[in-house]
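**Q** Mind having a look at this structure? Questions to follow.
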Amino acid sequence: MTTKFTKDHEWVRLDGDIATVGITKHAAEQLGDVVFVELPDVGKSFGQGDDMAVVESVKAASDVYAPVAGEIVETNGAIVDAPEGVNDGPEGDGWFVKMKLSDASQLDELMDEAAYKEHAADA
Amino acid sequence: MSDLKQLPLDGLHRELGGKMVPFAGYDMPVQYPMGVKDEHLWTRAKAGLFDVSHMGQAVLSVEGGSHEDVAALIEEIVPGEIKKLGSGRIRYTLLMADDGGVLDDLMITRLPTELGHEGDLVLVVNAACKDADYAYIEKKLGGRAKLTVKDRCLLALQGPKAHEVIAALDPEAATMPFMSGRVTQLDGKNVMLSRCGYTGEDGYEISVANEDAEALARTLLARDDVAPIGLGARDSLRLEAGLCLYGHDMDPEISPVGAGLNFALGKRRRTEGGFAGADRVLRELKDGCQSIRVGLKPEGRAPAREGTAIMTENGAVIGKVTSGGFGPSVGGPIAMGYVPMTHAEEGTQVMLDIRGKLHPARVVRMPFVEPRYYRGPSA
């Protein structure tokens, strides 16, 4: 399973035809303490780059974009009930949604870990 | 390239890991590595040090004049009771436009008379408004009073441990009443020390010469109970305390009555008037005004940010949120905004349009947390 990254600091990990999506550790650190997460409904479809979720810190609200097109098949209720879970494990238990991909080739356009690290360091 | 002004303590903020952002024309620390939420909670539990040197500090005086002389002049443009302000006392009041709108909110201190400052009023105004304020005061009072802008640092130490930290440097500070100020020394530096703040906590503001500020800040930060706090927590602390942020919760269109700031209108002045905009203010005191600032408690977890539409349960837009976010001490979302008088009663249910979804909220009494100002030695 490889993990890919977007320039907007989402990560996506493919397992079969289901992709798990979250925000990166770098994004979570930049946001600070997450106090609210709004996730889409299961069954909803998004195009690549669409606003899909919202994550809020004490300071501000930020959009989370769909890194690839697809349909939501599961959402992480744990981070809705306890938003601090995003800070505790942004690239693990703090995942946002699982999506069924419409076009797996979109993953090829995203960054690998080394490229993302460079991108995050420049940001 | 940027035209941002640097605070005298810019280097210290960077050394402390402050994340610098533009605010009111200055490069300011919005947070330190502790983070906004923990900085907020630290201030409520211990003592937070804020650099608010971006704010404007000025002295208004009348050559050879008495307190009554200078007070009579400033009362032409503020609705507070300044003539009867005691020596060494501070008053929160408002800079008024002729049409009854609020141009800024400010603190006025009558310097202790025994120090030879008879007739001097110290004004502390908002950073974003200071140049306009000075120009307005000059326009209204120029030739009759002299306004001297002071290029000094202003530090705020806020929180339940603030009095211990300051009293270790100046024992008399422990029993200074809330809203009083005096000229003293801290750590060998001449300062004007005021017991006031913008967090809902007990605390002090310290006006100090730019060249002395860093050493004093380091002395305070060396105490275990003191941590540096950024603008992010300053905003969430004042929101929980129900305090207005000028340019957001108040603007030149809104009168003091609409802003819910009747407490800033002196009792004598509510009947006598005699200040810029008094016609409108006195009329609104009698007849009410169109909309009024209220506290809002969203029922869910979603923060309602500035600009969020406030609606009736039937979906009619009746107002908007002027400040809103997450209150770390409240443990949930809080907001303030303007609604018509008909919807301003405590307990009124309204709807907030957050990203197209309607979330129920209630009109609540402010502050959201009980203030803990120092009122004097307990019996």
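Every chain in the structure tokens has a letter given in the order shown (A, B, ...), and although residue numbers restart at 1 in each chain, ligands are simply numbered from 1 in the order shown.
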Counting only C-alpha atoms, what is within 7 Å of Val52 of chain B, bar same-chain residues fewer than 6 positions away, as a PyMOL selection string?
**A** chain B and resi 154-156
**Q** Keeping only N, CA and C atoms, write the selected residues as a PDB file, in the first residue's frame.
**A**
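Produced file part14.pdb, reproduced below:
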```pdb
ATOM      1  N   LEU B 154       3.882  48.083  25.242  1.00  0.00           N
ATOM      2  CA  LEU B 154       2.811  47.766  26.175  1.00  0.00           C
ATOM      3  C   LEU B 154       2.758  46.243  26.300  1.00  0.00           C
ATOM      4  N   LEU B 155       3.017  45.772  27.516  1.00  0.00           N
ATOM      5  CA  LEU B 155       2.948  44.339  27.791  1.00  0.00           C
ATOM      6  C   LEU B 155       1.729  44.097  28.656  1.00  0.00           C
ATOM      7  N   ALA B 156       1.086  42.959  28.487  1.00  0.00           N
ATOM      8  CA  ALA B 156      -0.039  42.611  29.364  1.00  0.00           C
ATOM      9  C   ALA B 156       0.277  41.275  30.011  1.00  0.00           C
TER      10      ALA B 156
END
```
**Q** Find the residues around Leu31 of chain A up to 10 Å (only C-alpha atoms counted), leave out those fewer than 5 positions away in its own chain, and share them as an MDAnalysis selection string.
**A** (chainID A and resid 25:26 55:62 87) or (chainID B and resid 35:36)
**Q** Extract, using only C-alpha atoms, all DNA, RNA and protein residues at most 12 Å from Lys4 of chain A, discarding same-chain residues fewer than 3 positions from it, and format them as a ChimeraX atom specification.
**A** /A:1,7-14,19-24,67-68,91,104,106-117
**Q** Residues within 10 Å of Asp17 of chain A, please, as a ChimeraX atom specification. Count only C-alpha atoms; anything in the same chain fewer than 6 positions from it doesn't count.
**A** /A:99-104
**Q** Keeping only N, CA and C atoms, write those residues as a short mmCIF file (atom, residue, chain, number, x, y, z; two decimals), in the first residue's frame.
**A**
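Heads up, here's the output in selection.cif:
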```
data_model
loop_
_atom_site.label_atom_id
_atom_site.label_comp_id
_atom_site.auth_asym_id
_atom_site.auth_seq_id
_atom_site.Cartn_x
_atom_site.Cartn_y
_atom_site.Cartn_z
N MET A 99 -13.11 6.28 0.31
CA MET A 99 -13.77 6.55 -0.96
C MET A 99 -13.57 5.39 -1.91
N LYS A 100 -14.60 5.14 -2.71
CA LYS A 100 -14.47 4.20 -3.82
C LYS A 100 -14.07 5.04 -5.03
N LEU A 101 -12.90 4.76 -5.58
CA LEU A 101 -12.35 5.62 -6.64
C LEU A 101 -13.10 5.45 -7.95
N SER A 102 -13.28 6.57 -8.66
CA SER A 102 -13.85 6.49 -10.01
C SER A 102 -12.74 6.28 -11.04
N ASP A 103 -11.54 6.78 -10.71
CA ASP A 103 -10.47 6.72 -11.71
C ASP A 103 -9.13 6.62 -10.99
N ALA A 104 -8.67 5.38 -10.80
CA ALA A 104 -7.47 5.15 -10.01
C ALA A 104 -6.24 5.81 -10.63
#
```
**Q** Find the residues of chain B in contact range of chain A, meaning any atom within 9 Å when counting only C-alpha atoms, and list them as JSON, numbers by chain.
**A** {"B": [35, 36, 37, 38, 232, 233, 235, 236, 301, 302, 303, 305, 325, 326, 327, 328, 331, 332, 333]}
**Q** Produce a file of the selected residues containing N, CA, C and O atoms, as a short mmCIF file (atom, residue, chain, number, x, y, z; two decimals), in the first residue's frame.
**A**
```cif
data_model
loop_
_atom_site.label_atom_id
_atom_site.label_comp_id
_atom_site.auth_asym_id
_atom_site.auth_seq_id
_atom_site.Cartn_x
_atom_site.Cartn_y
_atom_site.Cartn_z
N GLY B 35 0.64 26.59 21.16
CA GLY B 35 -0.61 26.51 20.39
C GLY B 35 -1.73 27.32 21.04
O GLY B 35 -1.76 27.52 22.26
N VAL B 36 -2.69 27.76 20.21
CA VAL B 36 -3.72 28.69 20.65
C VAL B 36 -4.53 28.15 21.83
O VAL B 36 -4.77 28.83 22.82
N LYS B 37 -4.95 26.89 21.71
CA LYS B 37 -5.83 26.33 22.74
C LYS B 37 -5.12 26.26 24.10
O LYS B 37 -5.66 26.69 25.12
N ASP B 38 -3.91 25.74 24.10
CA ASP B 38 -3.19 25.62 25.37
C ASP B 38 -2.74 26.99 25.90
O ASP B 38 -2.69 27.19 27.12
N GLY B 232 -3.87 34.83 18.76
CA GLY B 232 -4.94 33.85 18.61
C GLY B 232 -5.67 33.63 19.92
O GLY B 232 -6.91 33.70 19.98
N ALA B 233 -4.91 33.39 20.98
CA ALA B 233 -5.54 33.17 22.29
C ALA B 233 -6.09 34.47 22.85
O ALA B 233 -7.10 34.47 23.55
N ASP B 235 -7.66 36.60 21.20
CA ASP B 235 -8.99 36.72 20.60
C ASP B 235 -9.99 35.75 21.25
O ASP B 235 -11.11 36.13 21.55
N SER B 236 -9.58 34.50 21.48
CA SER B 236 -10.54 33.55 22.08
C SER B 236 -10.82 33.91 23.54
O SER B 236 -11.93 33.72 24.04
N ARG B 301 -21.55 21.41 17.69
CA ARG B 301 -20.13 21.64 17.90
C ARG B 301 -19.55 22.58 16.86
O ARG B 301 -18.40 23.00 16.96
N ALA B 302 -20.32 22.90 15.81
CA ALA B 302 -19.77 23.68 14.70
C ALA B 302 -19.57 25.13 15.11
O ALA B 302 -20.53 25.81 15.49
N PRO B 303 -18.34 25.64 15.02
CA PRO B 303 -18.13 27.07 15.28
C PRO B 303 -18.79 27.91 14.21
O PRO B 303 -18.78 27.56 13.03
N ARG B 305 -18.39 31.31 12.49
CA ARG B 305 -17.37 32.35 12.37
C ARG B 305 -18.00 33.69 12.00
O ARG B 305 -19.16 33.76 11.60
N GLY B 325 -16.25 31.57 17.26
CA GLY B 325 -15.23 30.54 17.17
C GLY B 325 -15.45 29.51 18.24
O GLY B 325 -16.59 29.27 18.66
N PHE B 326 -14.35 28.95 18.68
CA PHE B 326 -14.40 27.90 19.68
C PHE B 326 -13.82 28.48 20.96
O PHE B 326 -12.76 29.10 20.94
N GLY B 327 -14.53 28.31 22.06
CA GLY B 327 -14.05 28.78 23.35
C GLY B 327 -13.39 27.64 24.10
O GLY B 327 -14.09 26.74 24.58
N PRO B 328 -12.07 27.65 24.21
CA PRO B 328 -11.40 26.51 24.87
C PRO B 328 -11.86 26.30 26.32
O PRO B 328 -11.95 25.16 26.77
N GLY B 331 -15.36 25.03 26.15
CA GLY B 331 -15.33 23.67 25.59
C GLY B 331 -16.29 23.50 24.44
O GLY B 331 -16.74 22.38 24.15
N GLY B 332 -16.61 24.58 23.75
CA GLY B 332 -17.53 24.48 22.62
C GLY B 332 -17.57 25.79 21.87
O GLY B 332 -16.88 26.75 22.21
N PRO B 333 -18.40 25.85 20.82
CA PRO B 333 -18.49 27.07 20.03
C PRO B 333 -19.23 28.17 20.76
O PRO B 333 -20.18 27.91 21.51
#
```
**Q** Find, counting only C-alpha atoms, the residue in A:Ile79, A:Ala53, A:Ile72, A:Ile18 that gets nearest to Gly94 of chain A.
**A** A:Ile79
**Q** Quick check, in Å to one decimal: how far apart do atom CA of Leu193 of chain B and atom CA of Ala174 of chain B lie?
**A**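 Taking atom CA of Leu193 of chain B and atom CA of Ala174 of chain B, their separation equals 11.5 Å.
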**Q** Considering only helix (DSSP H, G or I) as DSSP defines it on the backbone, what residues of segment 191-256 of chain B qualify? List them as a list in words.
**A**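 These are the residues in question: Asn210, Glu211, Asp212, Ala213, Glu214, Ala215, Leu216, Ala217, Arg218, Thr219, Leu220, Leu221, Leu231, Gly232, Ala233, Arg234, Asp235, Ser236, Leu237, Arg238, Leu239 and Glu240 of chain B.
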**Q** Write out as a list in words the residues lying within 9 Å of segment 356-359 of chain B, counting only C-alpha atoms and excluding same-chain residues fewer than 4 positions away.
**A**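 Residues near the query, excluding close chain neighbours: Pro298, Glu299, Gly300, Ala302, Met311, Gly315, Val350, Met351 and Leu352 of chain B.
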**Q** Can those selected residues be exported to a file as a CSV table (one decimal), in the first residue's frame so that it contains C-alpha atoms?
**A**
```csv
chain,number,residue,atom,x,y,z
B,298,PRO,CA,-24.6,27.2,19.0
B,299,GLU,CA,-26.1,23.9,20.2
B,300,GLY,CA,-23.9,21.6,18.2
B,302,ALA,CA,-19.8,23.7,14.7
B,311,MET,CA,-31.9,33.5,10.9
B,315,GLY,CA,-35.4,30.9,7.7
B,350,VAL,CA,-32.2,31.3,16.3
B,351,MET,CA,-30.6,29.4,13.4
B,352,LEU,CA,-27.0,29.9,12.1
```
**Q** Run DSSP on the backbone and tell me which residues of chain A come out as strand (DSSP E or B); list them as a VMD selection string.
**A** chain A and resid 3 to 5 10 to 15 18 to 23 34 to 38 45 to 46 51 to 57 61 to 65 70 to 75 97 to 101 111
**Q** Just give me the gap between atom CA of Val226 of chain B and atom CA of Asp151 of chain B in Å, one decimal is fine.
**A**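 Between these atoms lies a distance of 25.4 Å.
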**Q** Do a neighbour search on segment 96-102 of chain B at 8 Å with only C-alpha atoms, toss out local chain neighbours closer than 2 positions, and write the hits as a PyMOL selection string.
**A** chain B and resi 77-79+94+104-105+250-256+275-281
